[in-house]
>>> print(open('final.cif').read())   # mmCIF, C-alpha atoms and all ligand atoms
data_target
loop_
_atom_site.group_PDB
_atom_site.id
_atom_site.type_symbol
_atom_site.label_atom_id
_atom_site.label_comp_id
_atom_site.auth_asym_id
_atom_site.auth_seq_id
_atom_site.Cartn_x
_atom_site.Cartn_y
_atom_site.Cartn_z
ATOM 1 C CA MET A 1 26.219 -0.642 19.566
ATOM 2 C CA ASN A 2 24.905 -3.331 17.225
ATOM 3 C CA CYS A 3 23.880 -2.971 13.569
ATOM 4 C CA GLN A 4 20.153 -2.706 14.324
ATOM 5 C CA ARG A 5 20.766 0.130 16.780
ATOM 6 C CA ALA A 6 23.117 1.853 14.303
ATOM 7 C CA GLN A 7 20.431 1.646 11.623
ATOM 8 C CA ASP A 8 17.985 3.268 14.039
ATOM 9 C CA CYS A 9 20.455 6.126 14.666
ATOM 10 C CA MET A 10 21.110 6.948 10.983
ATOM 11 C CA LYS A 11 18.146 9.265 10.458
ATOM 12 C CA ARG A 12 18.901 11.156 13.688
ATOM 13 C CA TYR A 13 22.563 11.347 12.669
ATOM 14 C CA LEU A 14 21.655 12.838 9.274
ATOM 15 C CA ASP A 15 19.227 15.434 10.603
ATOM 16 C CA GLY A 16 21.541 16.296 13.492
ATOM 17 C CA THR A 17 19.207 15.278 16.320
ATOM 18 C CA ILE A 18 21.362 12.393 17.598
ATOM 19 C CA SER A 19 22.490 12.704 21.233
ATOM 20 C CA ASP A 20 26.201 13.129 21.977
ATOM 21 C CA TYR A 21 26.302 9.715 23.634
ATOM 22 C CA ASP A 22 24.659 7.994 20.672
ATOM 23 C CA LEU A 23 26.839 9.950 18.244
ATOM 24 C CA LYS A 24 30.008 8.589 19.835
ATOM 25 C CA GLU A 25 28.687 5.004 19.852
ATOM 26 C CA PHE A 26 27.289 5.399 16.357
ATOM 27 C CA THR A 27 30.523 6.725 14.820
ATOM 28 C CA ASP A 28 32.554 4.025 16.607
ATOM 29 C CA HIS A 29 30.267 1.378 15.131
ATOM 30 C CA ILE A 30 30.250 2.960 11.640
ATOM 31 C CA LYS A 31 34.057 3.081 11.524
ATOM 32 C CA ASN A 32 34.239 -0.649 12.215
ATOM 33 C CA CYS A 33 31.222 -1.941 10.291
ATOM 34 C CA PRO A 34 31.489 -1.774 6.474
ATOM 35 C CA GLU A 35 27.808 -2.715 6.044
ATOM 36 C CA CYS A 36 26.531 0.139 8.179
ATOM 37 C CA TYR A 37 29.090 2.511 6.672
ATOM 38 C CA GLY A 38 27.841 1.610 3.188
ATOM 39 C CA ASP A 39 24.239 2.222 4.251
ATOM 40 C CA LEU A 40 25.143 5.553 5.827
ATOM 41 C CA GLU A 41 26.958 6.577 2.637
ATOM 42 C CA ILE A 42 23.831 5.860 0.572
ATOM 43 C CA TYR A 43 21.543 7.749 2.973
ATOM 44 C CA TYR A 44 23.999 10.636 3.065
ATOM 45 C CA VAL A 45 24.125 10.960 -0.724
ATOM 46 C CA MET A 46 20.313 10.804 -0.888
ATOM 47 C CA ASP A 47 20.058 13.416 1.856
ATOM 48 C CA MET A 48 22.522 15.732 0.071
ATOM 49 C CA ALA A 49 20.671 15.297 -3.221
ATOM 50 C CA GLN A 50 17.391 16.247 -1.531
ATOM 51 C CA LYS A 51 19.013 19.349 0.013
ATOM 52 C CA TYR A 52 20.383 20.391 -3.374
ATOM 53 C CA LEU A 53 16.979 19.951 -4.969
ATOM 54 C CA LYS A 54 15.295 21.966 -2.199
ATOM 55 C CA ASP A 55 17.809 24.824 -2.534
ATOM 56 C CA GLU A 56 15.823 27.165 -4.791
ATOM 57 C CA SER A 57 18.695 29.606 -5.326
ATOM 58 C CA LYS A 58 20.522 26.801 -7.083
ATOM 59 C CA GLU A 59 17.419 25.387 -8.714
ATOM 60 C CA GLU A 60 18.522 25.980 -12.266
ATOM 61 C CA SER A 61 22.004 24.552 -11.847
ATOM 62 C CA TYR A 62 20.631 21.325 -10.399
ATOM 63 C CA ASN A 63 17.595 21.011 -12.639
ATOM 64 C CA ILE A 64 18.825 18.371 -15.054
ATOM 65 C CA CYS A 65 15.865 18.772 -17.448
ATOM 66 C CA GLN A 66 16.373 22.550 -17.557
ATOM 67 C CA LEU A 67 20.121 22.143 -18.093
ATOM 68 C CA LEU A 68 19.500 19.721 -20.922
ATOM 69 C CA GLU A 69 16.915 22.051 -22.482
ATOM 70 C CA ASN A 70 19.325 25.030 -22.230
ATOM 71 C CA ASP A 71 22.114 22.949 -23.743
ATOM 72 C CA MET A 72 19.917 21.974 -26.690
ATOM 73 C CA LYS A 73 18.878 25.636 -27.240
ATOM 74 C CA ASP A 74 22.546 26.739 -27.183
ATOM 75 C CA LYS A 75 23.545 24.077 -29.686
ATOM 76 C CA LEU A 76 20.636 24.952 -32.007
ATOM 77 C CA ASN A 77 21.519 28.684 -31.804
ATOM 78 C CA ARG A 78 25.145 27.924 -32.602
ATOM 79 C CA MET A 79 24.065 25.778 -35.570
ATOM 80 C CA GLU A 80 21.777 28.603 -36.825
ATOM 81 C CA ARG A 81 24.614 31.170 -36.540
ATOM 82 C CA LYS A 82 26.929 28.855 -38.548
ATOM 83 C CA ARG A 83 24.217 28.362 -41.184
ATOM 84 C CA ARG A 84 23.735 32.154 -41.512
ATOM 85 C CA LEU A 85 27.510 32.705 -41.714
ATOM 86 C CA ARG A 86 27.814 30.102 -44.486
ATOM 87 C CA GLY A 87 24.952 31.810 -46.376
ATOM 88 C CA PHE A 88 26.635 35.197 -45.999
ATOM 89 C CA LEU A 89 30.025 33.839 -47.126
ATOM 90 C CA PHE A 90 28.423 32.191 -50.171
ATOM 91 C CA LEU A 91 26.695 35.469 -51.103
ATOM 92 C CA ALA A 92 29.953 37.426 -50.590
ATOM 93 C CA PHE A 93 31.783 34.906 -52.814
ATOM 94 C CA ILE A 94 29.163 35.291 -55.597
ATOM 95 C CA VAL A 95 29.355 39.114 -55.403
ATOM 96 C CA LEU A 96 33.174 39.055 -55.403
ATOM 97 C CA ALA A 97 33.270 36.625 -58.350
ATOM 98 C CA GLY A 98 30.806 38.858 -60.245
ATOM 99 C CA VAL A 99 32.902 41.944 -59.568
ATOM 100 C CA LEU A 100 36.077 40.115 -60.706
ATOM 101 C CA ILE A 101 34.430 38.869 -63.918
ATOM 102 C CA TRP A 102 32.981 42.325 -64.629
ATOM 103 C CA THR A 103 36.396 43.940 -63.996
ATOM 104 C CA ALA A 104 38.149 41.387 -66.241
ATOM 105 C CA CYS A 105 35.623 41.983 -69.014
ATOM 106 C CA LEU A 106 36.042 45.737 -68.629
ATOM 107 C CA LEU A 107 39.854 45.490 -68.774
ATOM 108 C CA MET A 108 39.782 43.238 -71.824
ATOM 109 C CA GLY A 109 37.450 45.604 -73.587
ATOM 110 C CA TYR A 110 34.371 43.352 -73.823
ATOM 111 C CA ILE A 111 32.210 45.989 -72.119
HETATM 112 ZN ZN ZN A 201 26.773 -2.437 11.602
#
>>> encode(input="final.cif", output="structure tokens")
Amino acid sequence: MNCQRAQDCMKRYLDGTISDYDLKEFTDHIKNCPECYGDLEIYYVMDMAQKYLKDESKEESYNICQLLENDMKDKLNRMERKRRLRGFLFLAFIVLAGVLIWTACLLMGYI
């Protein structure tokens, strides 16, 4: 099998419609021809990517835009929770300081 013939077989190889005879010749050629192997590798990756994208049950995990959007929402929520916690801690500190000052004044007889 020559390179031109191997190139013609690639699509049939990927969608599984290649004949047994061609498959044997094709794989023999691919194993010994780095150029055709490289091309097959590229087509294979593209084919796999298309299958992943078509798989609706996994749509969310392979939807890069959705993943990025979810990641941004998570980070913003985490930031908001930290901001609220800092606000609460500041308020608790003010209340505690007030109680301590009031107690000190009470003990020293100023009140
Ligand atoms: Zn070749």
>>> atom_distance(input="final.cif", atom1="CA of Asp8 (chain A)", atom2="CA of Asp55 (chain A)")
27.2 Å
>>> atom_distance(input="final.cif", atom1="CA of Lys51 (chain A)", atom2="CA of Ile18 (chain A)")
19.1 Å
>>> resolve_selection(input="final.cif", expression="the PyMOL selection byres (((not hetatm)) within 12 of (chain A and resi 201))", output="list in words")
Met1, Asn2, Cys3, Gln4, Arg5, Ala6, Gln7, Asp8, Cys9, Met10, Glu25, Phe26, Thr27, Asp28, His29, Ile30, Lys31, Asn32, Cys33, Pro34, Glu35, Cys36, Tyr37, Gly38, Asp39 and Leu40 of chain A
>>> write_last_selection(input="final.cif", atoms="C-alpha atoms", output="compact mmCIF listing (two decimals), in the frame of the given file")
# COMPACT_ATOMS: atom_id res chain seq x y z
CA MET A 1 26.22 -0.64 19.57
CA ASN A 2 24.90 -3.33 17.23
CA CYS A 3 23.88 -2.97 13.57
CA GLN A 4 20.15 -2.71 14.32
CA ARG A 5 20.77 0.13 16.78
CA ALA A 6 23.12 1.85 14.30
CA GLN A 7 20.43 1.65 11.62
CA ASP A 8 17.98 3.27 14.04
CA CYS A 9 20.45 6.13 14.67
CA MET A 10 21.11 6.95 10.98
CA GLU A 25 28.69 5.00 19.85
CA PHE A 26 27.29 5.40 16.36
CA THR A 27 30.52 6.72 14.82
CA ASP A 28 32.55 4.03 16.61
CA HIS A 29 30.27 1.38 15.13
CA ILE A 30 30.25 2.96 11.64
CA LYS A 31 34.06 3.08 11.52
CA ASN A 32 34.24 -0.65 12.22
CA CYS A 33 31.22 -1.94 10.29
CA PRO A 34 31.49 -1.77 6.47
CA GLU A 35 27.81 -2.72 6.04
CA CYS A 36 26.53 0.14 8.18
CA TYR A 37 29.09 2.51 6.67
CA GLY A 38 27.84 1.61 3.19
CA ASP A 39 24.24 2.22 4.25
CA LEU A 40 25.14 5.55 5.83
>>> atom_distance(input="final.cif", atom1="CA of Met46 (chain A)", atom2="CA of Tyr13 (chain A)")
13.8 Å
>>> closest_residue(input="final.cif", among="A:Ile101, A:Met48, A:Leu106, A:Leu91", to="Asp15 (chain A)", atoms="only C-alpha atoms")
A:Met48
